[in-house]
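Colleague: Pasting a structure below so you can have a look.
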Amino acid sequence: MEKVTLNLEGMNCASCALSIEKALKKVDGVETANVNLVSEKATIVGIGLKADVLIQTVKNAGYKASLDNIEKIQDNTKQNTKIYQVNGMSCAACAINVEKALKKVPGVITASVNIATEKASVTIDPNIVSERDMAKAVQMAGYELLINQDKQSLNQDDSSQKLKKAKLKMIWAWVITGPLSVLMIAHMSAIAIPYFSEISLIASFIVIFIVGKSLIKSGFTAIVHKSFSMDVLIFLGVCASYLSGILSALGGQIADYSAVGAMIMGFYLIGQYLEAKAKGKASEAIKKLISMSPKTANLVEKDGSIVSIDAKNLVVGDVVLVKPSQQIPADGIIVEGNTTVDESMVTGEFLPKTKNVGDRVIGSCINQSGAIKVRVTGVGEDTFLAQMVKLVEQAMGTKVPIQRFADKVVGIFVPFVIIVSVVTFLFWFLDPKAGHSITLWASSFLPWVNPNLNALSAAVFASIATLVVACPCALGLATPTALMVGSGLGARHGILIRSGDALQGAKDIDTVIFDKTGTLTTGKVSLSEIYTTIDKEEFLKLTASLESYSEHPLAKAVVDYAKSNNVEIHGASDVEVRPGLGIKGIVLGKTIIIGNANYIKTFGLSLPENVLDNDNTLSFVMDISGNYLGYIAFKDTLKENAKKAILELKNMNIRTVMLTGDSQSSAKQIANILGIDEVYYNLLPQEKLEYIKKFQQKAHVVAMVGDGINDAPSLKQANIGIAIGTGTDIAKEASDITLVGSDLEAVAKAIKLSKATFNKIKQNLFWAFFYNMVAIPIAALGLLHPAIAEAAMAASSVNVVTNSLRLKKYKL
């Protein structure tokens, strides 16, 4: 990342600064551009920035610029992506308003607000912006951004409290509105109700301005801040209704719609309650993850005694006793005992896993068969479960590309509806004859249509109905609710989708490329043969000491074998590791080289010809003088479900490919066993990258499946990177999708999940658009009673959420 500072000339006002900012943000590689009118400087942060291009961009915009400074900065975007609770939002338009407010703050790189979770995912440049700046910007837009980390954690009690409040408001509204509606119908049926106008005004005032005060407040605030939300439409509708009652009581020639205003508010509150209830169900997956955390732990004291403590008080390094059928209180490594562990809650794999001394265990999973002692390696936010919750939250906080279109529609929807409502009012008021002919025709089959209303009353009736029937919420909820349920469904099956782009993109995958070691195979490599020209113990001492500095599975296999044979491990110096090739270093005064044939050749050394035809996976060992010390042959086993996973992908008409650094014979043997379509071998990490690019150049949508360590560049290059990961390393993966367990069938499940979720989004958007396209014209024609219009609006939002909930039943 680079930060370029330019000196500017020719600016006269804030719009000049804004023009330069807009121009600079369009330049490739620019992440943020901030122009300061007072200091006459532009600060640009991005990757691969060219000062001359930036200067020319400013000149093209009509201003002068010169370079002030260029400095390298650390890319902290990942560390500075946080999720914040946002209060005061009631609909999709509110989410867009908050998003716009955040994006206007200099230093905010990305901002995505999810109305379904009421959270904002914000990536910032901490060198430019602070959390307080963001909170102030959101407050100016009429909402509240909570920057206190304790407040923004997902809390079941908080959501249940919101649901209780919504239910209480709904009940109180209808305790008053129910009897009022009966009186209104009776009054409309020519039954004289004494003091009906007064009763209606008082009862409606309570429902609208006391029970529904939060809507009135948010609607008024939105208008003051010149932001448009669904609350504005309802606010205008109920206030216009109530105003008609006041004018009627004062002798104005207008029908009294104050009771209708109360009914609109009542239906609105029903919708809010049902929506809150449905949203609560949609977020059950993440709540369930949080609730899984164990409450107590059996701490092993230094004297060997066992003390029961609160699991929250554990620290790294503590040893805990976990008895059969108990939850493992925190992430850790088994130091005593062996058992089987049920990890289905986080991996989706229902068969228990055998665990022995040295194996990692995940906190909150169930210990099944044996008593074990576990040394704690992760607590609090560093636990696997906490990282999993964070990743699911982040996925819910992002947007799928199709949502951008819906957001644009929502952004102009409310102003459009207000204009339509005004036009409707003018039509009915200025052309009463045309309006009368419509109502006369409709009154024969619609009991609420009154052809005897005067022009003003009919205009108010139709315009109010138009305001309250429109539903931007259905459009806004269509995508985030489906994304929320889809992310939760994926989490239950051990599939963590990092972003909306990955969720939408995975459905188009037509080629899946696999790494071999640790992906198609178990990764638990063992030695099958050792050949050496020197003493075997000396050979192992040299190789194991050097390999102890590498994280490669082959290196670990050598070290484990040496330790099991009581071979002493020594320190090494001047160690150089070449990923995909080998390792070099000085051990016991000798410069040792370990690696494949290609690595040995880079030092100008040659191997005996007879070893090059060996079918096994080999690591050759030489010293820097060219003395051939021997080789180590390795064996690896295929994962149990690898063949089934490949078959599942082929049944979905998806091409399967294997890229490996292994030898030709070994690679082809595995490819034949599994039925993989194409195999490429003896590849370096960079060469794997090139193969992925070749597939992409042929218009293939490529998924790369790897362990996320040696394959990080390939995971990044692929259209969708899928990492096989366990333990807390999951948070460090460079992938778009992470499979929590080692189940390769989850690759096909992830693609199916993407297709199912995207189909649900398309359904939601269709019905949301269809509803608004049909309902608004009907209301404008005076054929909808305002109360019925509001009920229909509430129903459309609930329909979208409940349709998303059906995704929970989808079988992956």
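By order of appearance in the structure tokens: chains A, B, ..., then residues from 1 within every chain, and ligands from 1 in the order shown.
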Might you pull out every residue within 7 Å of range 330-345 of chain A, with only C-alpha atoms counted and same-chain residues fewer than 2 positions away left off, and present them as a PyMOL selection string?

Modeller: chain A and resi 328+347-350+352-379+383-384+492

Colleague: Could you list, as number ranges by chain, every residue within 8 Å of range 431-447 of chain A, counting only C-alpha atoms and ignoring same-chain residues fewer than 6 positions away?

Modeller: A: 454-455, 458, 781-783

Colleague: Quick one: residues within 6 Å of Leu496 in chain A, only C-alpha atoms, excluding same-chain residues fewer than 5 positions away - as a list in words?

Modeller: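 Selected residues are Ala491, Ile737 and Thr738 of chain A.
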
Colleague: If DSSP is run on the backbone, what residues of range 46-201 of chain A are strand (DSSP E)? A reply as a PyMOL selection string would be ideal.

Modeller: chain A and resi 46+64-72+81-87+108-114+119-124+144-146

Colleague: Identify, on the basis of only C-alpha atoms, every residue whose closest approach to Asn799 in chain A does not exceed 10 Å; exclude the query and any residue fewer than 6 positions from it along the same chain; express the result as a list in words.

Modeller: Leu274, Glu275, Ala278, Ala474, Ala478, Asn764, Trp767, Ala768, Met793 and Leu805 of chain A

Colleague: Write out, as a compact mmCIF listing (two decimals), in the first residue's frame, the residues just selected, with N, CA and C atoms.

Modeller:
```txt
# COMPACT_ATOMS: atom_id res chain seq x y z
N LEU A 274 -43.96 -9.19 13.10
CA LEU A 274 -43.77 -10.41 12.31
C LEU A 274 -42.39 -10.42 11.65
N GLU A 275 -41.96 -9.26 11.20
CA GLU A 275 -40.65 -9.14 10.56
C GLU A 275 -39.53 -9.42 11.57
N ALA A 278 -39.45 -13.11 12.28
CA ALA A 278 -38.86 -13.85 11.17
C ALA A 278 -37.36 -13.61 11.09
N ALA A 474 -39.41 -4.63 1.22
CA ALA A 474 -39.39 -5.94 0.57
C ALA A 474 -38.20 -6.04 -0.38
N ALA A 478 -34.86 -8.52 0.48
CA ALA A 478 -34.81 -9.68 -0.42
C ALA A 478 -33.46 -10.38 -0.38
N ASN A 764 -37.11 -13.63 -4.25
CA ASN A 764 -37.48 -12.51 -3.37
C ASN A 764 -37.57 -11.20 -4.16
N TRP A 767 -40.73 -11.14 -6.46
CA TRP A 767 -42.00 -10.86 -5.78
C TRP A 767 -42.04 -9.43 -5.23
N ALA A 768 -40.88 -8.92 -4.78
CA ALA A 768 -40.85 -7.54 -4.27
C ALA A 768 -41.15 -6.54 -5.38
N MET A 793 -48.64 -3.93 2.48
CA MET A 793 -47.22 -3.56 2.56
C MET A 793 -46.50 -4.42 3.59
N LEU A 805 -36.56 -17.93 4.78
CA LEU A 805 -36.47 -18.94 5.83
C LEU A 805 -36.65 -20.35 5.29
```

Colleague: Would you mind reading off the distance between CA of Ile202 in chain A and CA of His187 in chain A, one decimal, in Å?

Modeller: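 Atom-to-atom, CA of Ile202 in chain A to CA of His187 in chain A, that is 16.4 Å.
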
Colleague: Would you mind listing what lies within 9 Å of Ser606 in chain A as a list in words, with only C-alpha atoms counted and same-chain residues fewer than 5 positions away left out?

Modeller: Ala597, Ile600, Lys601, Gly626 and Tyr628 of chain A

Colleague: Restricting the calculation to only C-alpha atoms: of A:Gln403, A:Asn565, A:Ser66, A:Thr522, which residue gets closest to Leu540 in chain A?

Modeller: A:Asn565

Colleague: Counting only C-alpha atoms, which of A:Val575, A:Ala111, A:Ala502, A:Ser665 gets nearest to Pro401 in chain A?

Modeller: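 Ranking A:Val575, A:Ala111, A:Ala502, A:Ser665 by distance to Pro401 in chain A, first place goes to A:Ala502.
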
Colleague: DSSP on the backbone, then: every residue of range 174-366 of chain A marked helix (DSSP H, G or I), written as a PyMOL selection string.

Modeller: chain A and resi 174-188+196-211+213-224+230-249+258-282+284-291+311-313+344-347

Colleague: Which residue gives the smallest distance to Lys643 in chain A among A:Leu684, A:Leu674, A:Leu753, A:Leu807, with only C-alpha atoms counted?

Modeller: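 Counting only C-alpha atoms, the residue closest to Lys643 in chain A is A:Leu674.
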
Colleague: Could you tell me how far CA of Gly518 in chain A sits from CA of Phe603 in chain A, in Å to one decimal place?

Modeller: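 So the two atoms, CA of Phe603 in chain A and CA of Gly518 in chain A, lie 28.8 Å apart.
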
Colleague: Go through A:Val122, A:Leu629, A:Leu453, A:Leu180 one by one, measure the shortest atom-to-atom distance of each to Asn80 in chain A using only C-alpha atoms, and give the residue with the smallest value.

Modeller: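 Closest candidate: A:Val122.
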
Colleague: Record the distance separating CA of Phe695 in chain A and CA of Ser487 in chain A, expressed in Å with one decimal.

Modeller: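 It comes out at 28.6 Å.
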
Colleague: Show me, as a PyMOL selection string, the residues that have an atom within 10 Å of range 236-253 of chain A when counting only C-alpha atoms, minus same-chain residues fewer than 2 positions from it.

Modeller: chain A and resi 197-198+200-201+204-205+208-209+216+219-220+231-234+255-265+418+453-457+460-461+463-469+786+790

Colleague: Within 9 Å of Lys755 in chain A, counting only C-alpha atoms, which residues qualify if same-chain residues fewer than 5 places away don't, as a list of chain:residue names?

Modeller: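 My list of contacting residues is A:Leu503, A:Gln504, A:Ala506, A:Lys507, A:Asp508, A:Ala750, A:Lys760.
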
Colleague: Could you save the residues just selected, with N, CA and C atoms, as a JSON list (two decimals), in the first residue's frame?

Modeller:
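New file result37.json:
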```json
[["chain", "number", "residue", "atom", "x", "y", "z"],
["A", 503, "LEU", "N", -20.42, -15.91, -2.53],
["A", 503, "LEU", "CA", -21.69, -16.63, -2.50],
["A", 503, "LEU", "C", -22.36, -16.62, -3.86],
["A", 504, "GLN", "N", -22.35, -15.47, -4.52],
["A", 504, "GLN", "CA", -22.98, -15.38, -5.84],
["A", 504, "GLN", "C", -22.10, -16.04, -6.90],
["A", 506, "ALA", "N", -19.94, -18.56, -6.67],
["A", 506, "ALA", "CA", -19.75, -20.02, -6.58],
["A", 506, "ALA", "C", -20.75, -20.79, -7.44],
["A", 507, "LYS", "N", -21.91, -20.20, -7.69],
["A", 507, "LYS", "CA", -22.93, -20.90, -8.48],
["A", 507, "LYS", "C", -22.49, -21.11, -9.92],
["A", 508, "ASP", "N", -21.53, -20.31, -10.40],
["A", 508, "ASP", "CA", -21.11, -20.37, -11.80],
["A", 508, "ASP", "C", -19.85, -21.22, -12.01],
["A", 750, "ALA", "N", -20.96, -26.54, -1.13],
["A", 750, "ALA", "CA", -20.80, -25.08, -1.20],
["A", 750, "ALA", "C", -21.37, -24.53, -2.51],
["A", 760, "LYS", "N", -33.04, -18.17, -4.27],
["A", 760, "LYS", "CA", -33.96, -17.57, -3.30],
["A", 760, "LYS", "C", -33.93, -16.05, -3.40]]
```
